[in-house]
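To start, the structure under review is shown below, and the notes come after it.
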Amino acid sequence: MSIKPPFTELEINTQDSGFYEGYSLPIALISKISMVLLVLWALVFPVGAGEMLSYVNGTLLKSFNVFYIIAVGVFAFFLFVVALIPSTGRRTLGVAGQKPEFSNFSWFSMMFGAGLGVGLMTFATAEPLGLWGSNPLVVSGAVAGNSEDALQSAYRYTFLHYGFHAWAIYVVTGLSLAYYAYTRDMPLTIRSALTPLIGRFANGFFGHIIDVLGVVATILGVSVTIGFGVSQLVDGVYSITGAGWMMDTTGETPVATKTGLIVALVLIMGMSIVSAVSGVGRGVKYLSNLNLVLSLILLLTFIIFGSFVFAMTTYATSFVDYILNFIQMSFGAYSPMSLEEFTAAAPASVQALGAEDLASVYSSATGPWGSLGGFTEGLPAAAAALSEADIAAAYEAGNEGRQFGWQAGWTTFYWAWWIAFSPFVGLFLARISKGRSVREFVLGAVIAPSLVCFAWMTILGGTAIDLSLTDEAAKASIVGASNSAKLFVTLEQMLSGGFLQAIIIMCVVLIMTFLVTSADSGILVMNTIMSGGAEETGVFHRIIWGVILTLVIGTLLLAGGGGLSALQNAMIIGALPFTIIMVGMVLSLTKALYNDARRDN
């Protein structure tokens, strides 16, 4: 029985002349208007915008937390299956015999710089330290936070958030785009990845909306990354210069001032626009190579002066623990716990409390960021008079609610962040991976970077934890620092004098180059989508989108009283529609690979 040829007649009309020459007018205008409206809303109503984004985000997480978790688990297993099947794994992303465009070193450096970059600078110490203090085992009361017993579970979830699942999100998008672009000669744009499912509908308004969602997700994903990065950049410059206008030191933990954030943002985005104008062959490639070299120098510093033996022991034991818990973490999803469910699980003495006291106990017992001690101290008088056994039982009754709150606030946040970043990184990976096999793409872009991330997290983060375990003063300084300052505080505990200053200066340069790489790659990718997949886009439009991206980040940094919360909320909201698109990509690619294998036979 013959199989119909695949649908490849994708028509994305672009303007022949004028300001939008070479661009799809509907995609460019809808994307631009959406972002301008977001900027104006956050600018005119900063507090209201922050509150509304927080409310919508909370509502969506209650309904879609399970969807996020299960979807990402499916992405990871799908890719492993595709790579392992001989007929699909050996397929070349291009014509038979085609050689890769970039060397393995440049390919890996660009992939690493665009895919993680500044995230590893901010969270190399902050993520393991944060999970050392709070992870599902700590939340359940099985181990105490910030203790030696919590080390294994801290790295189990560190590896989860920066391991195979995380990179699988990028590769699902990247592999889908590359497959259709290089084996079927279709435009390198998001709608191409859904053509096996939607066929000719990709040529109309439905196709435009798919591409717009990719642009919006990219803008918000890149915005969060740059938001974290400029905050750490300000911390680093403050460590070198001591410039008081950059940091607010009045609170318990110093934080970057709004002025410091905006100045750093304008500096980074100005450099990014210049780099984006130069194109992927020059600016991004050379910056990515520089990033990798500087990263290796920083890693070597921690290997020599940090806790390398502790880190390698932690790496080995944590990796085994991660693999053993891989399936459970892939699909173990939690839903919100209602007051009725909590009451039914609580002891009779708690059920007998008045409505107000019961609601207070429920709220505390299901709050993910506390402990049994904090729960006990915060009980209303009537509940505090209960026996220790009943209080402990009430806390245990809220465990499912705590697990949901923790998962939604941590793992799901990460999945949404990676998903929002995936149109950008996925399309970027597709652009630089022509000529590689499917198996090479999966192994090179899922397993290899994950193993490097694990090493980075255990060497830098492990040093911070080891210092905290052996020195209470160091623990107070490192654990008490803000996320963006933890790396610099750890370095101050390891080094001193001129060498310390030199390494901090190098870290600031590394943060800057990572930020520029992320931003300029994002600008290039957004223009590729809006031009219907063209690899060469107008210089003036790259500049315009660089300015729009700057305004989106700046206004959301100031929304809701300042900080990163509005950016994070907007990103999680924007990631949800693209998660649905990614599920469609998996179904489409499955159909395409199956039918292509049948055609070959």
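Chain labels A, B, ... are given in the sequence in which chains occur in the structure tokens; within each chain residues are numbered consecutively from 1, and ligands are likewise numbered from 1 in the order shown.
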
Shell around stretch 243-250 of chain A at 7 Å using only C-alpha atoms, local window under 3 positions removed, as an NGL selection string: :A and (234 or 238 or 253-257 or 259-260)

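All residues of protein, DNA or RNA that reach within 7 Å of A:Ala178, judged by only C-alpha atoms and not counting those fewer than 4 positions away in the chain, are Leu93, Gly174, Tyr182 and Ala430 of chain A.
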
Do you know which residues are at most 12 Å from A:Asn65 counting only C-alpha atoms, after dropping those on the same chain fewer than 5 positions away, and could you put them as a PyMOL selection string? chain A and resi 57-60+70-72+331-336+403-416+572-573+576+579

Find the residues near A:Leu137: any atom within 8 Å, counting only C-alpha atoms, skip ones fewer than 4 places away on the same chain, and give them as a list in words. Gly141, Ala142, Val143, Ala150 and Ser153 of chain A

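Considering the residues A:Ile226, A:Leu495, A:Phe578, A:Val479 and counting only C-alpha atoms, A:Ile304 has its shortest atom-to-atom contact with A:Leu495.
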
Contacts of A:Gln15 at 12 Å (only C-alpha atoms; same-chain gap of 3+ positions) as a PDB file with C-alpha atoms, in the first residue's frame:
ATOM      1  CA  ILE A  12       4.337  31.941   4.549  1.00  0.00           C
ATOM      2  CA  GLY A  18       8.513  48.488   2.359  1.00  0.00           C
ATOM      3  CA  PHE A  19       9.439  48.545   6.031  1.00  0.00           C
ATOM      4  CA  TYR A  20       8.496  44.883   6.575  1.00  0.00           C
ATOM      5  CA  GLU A  21      10.194  43.601   3.437  1.00  0.00           C
ATOM      6  CA  GLY A  22      11.061  39.915   3.916  1.00  0.00           C
ATOM      7  CA  TYR A  23       8.803  39.582   6.996  1.00  0.00           C
ATOM      8  CA  SER A  24       5.376  38.023   7.516  1.00  0.00           C
ATOM      9  CA  LEU A  25       3.208  41.021   8.299  1.00  0.00           C
ATOM     10  CA  PRO A  26       0.636  39.187  10.514  1.00  0.00           C
ATOM     11  CA  ILE A  27       3.327  37.504  12.660  1.00  0.00           C
ATOM     12  CA  ALA A  28       5.414  40.664  13.031  1.00  0.00           C
ATOM     13  CA  MET A 530       8.824  36.449  11.851  1.00  0.00           C
ATOM     14  CA  SER A 531      10.517  36.222   8.465  1.00  0.00           C
ATOM     15  CA  GLY A 532       9.033  32.798   7.747  1.00  0.00           C
TER      16      GLY A 532
END

Using backbone DSSP assignments, extract all alpha helix (DSSP H) residues from stretch 276-390 of chain A; output them as a VMD selection string. chain A and resid 276 to 278 285 to 305 308 to 324 326 to 331 339 to 345 348 to 351 355 to 365 372 to 377 381 to 384 388 to 390

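Within 8 Å of A:Phe75, once only C-alpha atoms are used and residues closer than 5 positions along the same chain are dropped, the contacting residues are His165, Ala168, Ile169, Val172 and Val586 of chain A.
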
Which of these, A:Leu443, A:Leu61, A:Glu252, A:His541, has the shortest distance to A:Ser477 once you count only C-alpha atoms? A:Glu252

Can you tell me, as a VMD selection string, what residues are no more than 10 Å from A:Met35 when counting only C-alpha atoms, ignoring any on the same chain fewer than 5 positions away? chain A and resid 29 to 30 40 to 41 215 to 216 219 to 220 548 to 549 551 to 552

Residue nearest A:Ile544 among A:Val36, A:Ile190, A:Ala397, A:Ala355 (counting only C-alpha atoms): A:Val36

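Take the candidates A:Ile581, A:Val74, A:Val81, A:Leu510 and check each one against A:Leu120 using only C-alpha atoms; the shortest distance goes to A:Leu510.
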
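The nearest approach to A:Pro577 among the residues A:Ile419, A:Ser231, A:Phe206, A:Ala126, with only C-alpha atoms taken into account, belongs to A:Ile419.
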
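For the pair atom CA of A:Val139 and atom CA of A:Phe375, the interatomic distance is 11.6 Å.
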
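Of the residues listed (A:Gln98, A:Gly221, A:Gly48, A:Tyr170), A:Tyr170 shows the shortest atom-to-atom separation from A:Ala445; distances use only C-alpha atoms.
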